[in-house]
Amino acid sequence: MEPLRNAYQGITNIIRFNWHFYAMAIAFIYLLMVFSHSIFGAYSEVAVILSLIIVVLIATSLLVSYYIYDVSELYSFNWLSKFLVEPKNLVVNIHAGFDETSGILKSIFPETTLVVLDFYDPLKHTEISIKRARKAYPAYLGTLSVSTSNFPKENESVDIVFVILAAHEIRSEAERVSFFKEIKRILKPQGSLVLVEHLRDWPNFIAYTLGVFHFYSRKTWYHCVNTAKLTLTNEHKITPFIHAFFITKHGNTP
């Protein structure tokens, strides 16, 4: 069986889908060096220092991303068996326009029906990186387009819902809470939600500097869980930069 992910796939995708950021950084460094004397006068060495800082920050973010997406156990899902029993009937995977996990989840749960829901909305999710990713990777077979508050599944019909590196794309607090309430509706009484996210914390700040503000804090996710009347039963650091929340409908453990 061929591997579901290629070597360097994660870091390659990051550069491929966000190349404009790196192009702007290179252009900025070039202009900084060319006009360093005009800008800083006798202190033109400041331009060199600033350029080096930019290079270090970019290199750090890329190295961390390579570790997360190509080296760590994130996509092996080895961490999953520590917290969940295998579902019996139905698994739902929800993403925000770019799906790297449905094929892997199907390989992990081959006897289980997998339903994939995509809440990508081009009017809300305007990041060019997502548009590029959607063009590069076809949707998983049978993927359904949905809103964040209306899933085409019956009440209490799903064993496990996965939301992997996607929920932070819901920028409205009210919409996030509605999203969690809709997940609660479709979960079986003994069902589980697996939420995987970067957090707005120091490790991610060191890795991504201002990019950390695209993520949310642990407190924000606690609020969503509590407001939707779900129960957080376990947490796990997959890496220092990636956090998994294991959430149940009524406080039960699998």
# chains A, B, ... in the order shown; residues from 1 in each chain; ligands from 1
>>> select_by_dssp(residues="segment 187-236 of chain A", states="strand (DSSP E or B)", output="list in words")
Leu187, Lys188, Pro189, Gln190, Gly191, Ser192, Leu193, Val194, Leu195, Val196, Glu197, Leu199, Tyr216, Thr231, Leu232, Thr233, Asn234, Glu235 and His236 of chain A
>>> write_last_selection(atoms="N, CA and C atoms", output="PDB file, in the first residue's frame")
ATOM      1  N   LEU A 187     -24.008  13.898  17.421  1.00  0.00           N
ATOM      2  CA  LEU A 187     -23.286  12.860  18.153  1.00  0.00           C
ATOM      3  C   LEU A 187     -24.240  11.923  18.881  1.00  0.00           C
ATOM      4  N   LYS A 188     -23.878  10.645  18.872  1.00  0.00           N
ATOM      5  CA  LYS A 188     -24.599   9.683  19.691  1.00  0.00           C
ATOM      6  C   LYS A 188     -24.389  10.014  21.176  1.00  0.00           C
ATOM      7  N   PRO A 189     -25.245   9.513  22.050  1.00  0.00           N
ATOM      8  CA  PRO A 189     -25.061   9.791  23.482  1.00  0.00           C
ATOM      9  C   PRO A 189     -23.664   9.431  23.987  1.00  0.00           C
ATOM     10  N   GLN A 190     -23.057   8.380  23.430  1.00  0.00           N
ATOM     11  CA  GLN A 190     -21.704   7.984  23.818  1.00  0.00           C
ATOM     12  C   GLN A 190     -20.654   8.486  22.815  1.00  0.00           C
ATOM     13  N   GLY A 191     -21.048   9.414  21.945  1.00  0.00           N
ATOM     14  CA  GLY A 191     -20.170   9.872  20.881  1.00  0.00           C
ATOM     15  C   GLY A 191     -19.085  10.827  21.359  1.00  0.00           C
ATOM     16  N   SER A 192     -18.081  11.023  20.491  1.00  0.00           N
ATOM     17  CA  SER A 192     -16.932  11.861  20.847  1.00  0.00           C
ATOM     18  C   SER A 192     -16.606  12.838  19.721  1.00  0.00           C
ATOM     19  N   LEU A 193     -16.071  13.972  20.120  1.00  0.00           N
ATOM     20  CA  LEU A 193     -15.520  14.964  19.204  1.00  0.00           C
ATOM     21  C   LEU A 193     -14.021  15.042  19.438  1.00  0.00           C
ATOM     22  N   VAL A 194     -13.250  14.955  18.360  1.00  0.00           N
ATOM     23  CA  VAL A 194     -11.803  15.141  18.434  1.00  0.00           C
ATOM     24  C   VAL A 194     -11.476  16.444  17.728  1.00  0.00           C
ATOM     25  N   LEU A 195     -11.051  17.420  18.516  1.00  0.00           N
ATOM     26  CA  LEU A 195     -10.708  18.744  18.007  1.00  0.00           C
ATOM     27  C   LEU A 195      -9.192  18.915  18.072  1.00  0.00           C
ATOM     28  N   VAL A 196      -8.565  19.194  16.944  1.00  0.00           N
ATOM     29  CA  VAL A 196      -7.115  19.374  16.891  1.00  0.00           C
ATOM     30  C   VAL A 196      -6.813  20.776  16.397  1.00  0.00           C
ATOM     31  N   GLU A 197      -5.992  21.509  17.158  1.00  0.00           N
ATOM     32  CA  GLU A 197      -5.720  22.904  16.821  1.00  0.00           C
ATOM     33  C   GLU A 197      -4.323  23.338  17.266  1.00  0.00           C
ATOM     34  N   LEU A 199      -2.634  26.375  19.209  1.00  0.00           N
ATOM     35  CA  LEU A 199      -3.160  27.282  20.217  1.00  0.00           C
ATOM     36  C   LEU A 199      -2.440  28.628  20.150  1.00  0.00           C
ATOM     37  N   TYR A 216      -6.567  30.339  18.231  1.00  0.00           N
ATOM     38  CA  TYR A 216      -7.295  30.724  19.433  1.00  0.00           C
ATOM     39  C   TYR A 216      -6.689  30.056  20.665  1.00  0.00           C
ATOM     40  N   THR A 231     -18.649  18.200  27.020  1.00  0.00           N
ATOM     41  CA  THR A 231     -17.738  17.985  28.139  1.00  0.00           C
ATOM     42  C   THR A 231     -16.352  17.621  27.634  1.00  0.00           C
ATOM     43  N   LEU A 232     -15.365  18.365  28.090  1.00  0.00           N
ATOM     44  CA  LEU A 232     -13.976  18.053  27.774  1.00  0.00           C
ATOM     45  C   LEU A 232     -13.506  16.942  28.706  1.00  0.00           C
ATOM     46  N   THR A 233     -13.090  15.806  28.131  1.00  0.00           N
ATOM     47  CA  THR A 233     -12.707  14.661  28.954  1.00  0.00           C
ATOM     48  C   THR A 233     -11.206  14.396  28.954  1.00  0.00           C
ATOM     49  N   ASN A 234     -10.490  14.869  27.913  1.00  0.00           N
ATOM     50  CA  ASN A 234      -9.061  14.629  27.838  1.00  0.00           C
ATOM     51  C   ASN A 234      -8.410  15.660  26.933  1.00  0.00           C
ATOM     52  N   GLU A 235      -7.119  15.874  27.157  1.00  0.00           N
ATOM     53  CA  GLU A 235      -6.318  16.727  26.277  1.00  0.00           C
ATOM     54  C   GLU A 235      -4.980  16.041  26.036  1.00  0.00           C
ATOM     55  N   HIS A 236      -4.387  16.342  24.873  1.00  0.00           N
ATOM     56  CA  HIS A 236      -3.107  15.724  24.553  1.00  0.00           C
ATOM     57  C   HIS A 236      -2.296  16.653  23.660  1.00  0.00           C
TER      58      HIS A 236
END
>>> residues_around(residues="Phe205 of chain A", least_positions_apart="3", cutoff="12 Å", atoms="only C-alpha atoms", output="ChimeraX atom specification")
/A:57,60-61,64,198-202,208-217,240-241
>>> atom_distance(atom1="atom CA of Val225 of chain A", atom2="atom CA of Ile170 of chain A")
14.5 Å
>>> atom_distance(atom1="atom CA of Glu156 of chain A", atom2="atom CA of Arg185 of chain A")
6.2 Å
>>> atom_distance(atom1="atom CA of Ala96 of chain A", atom2="atom CA of Glu169 of chain A")
6.9 Å
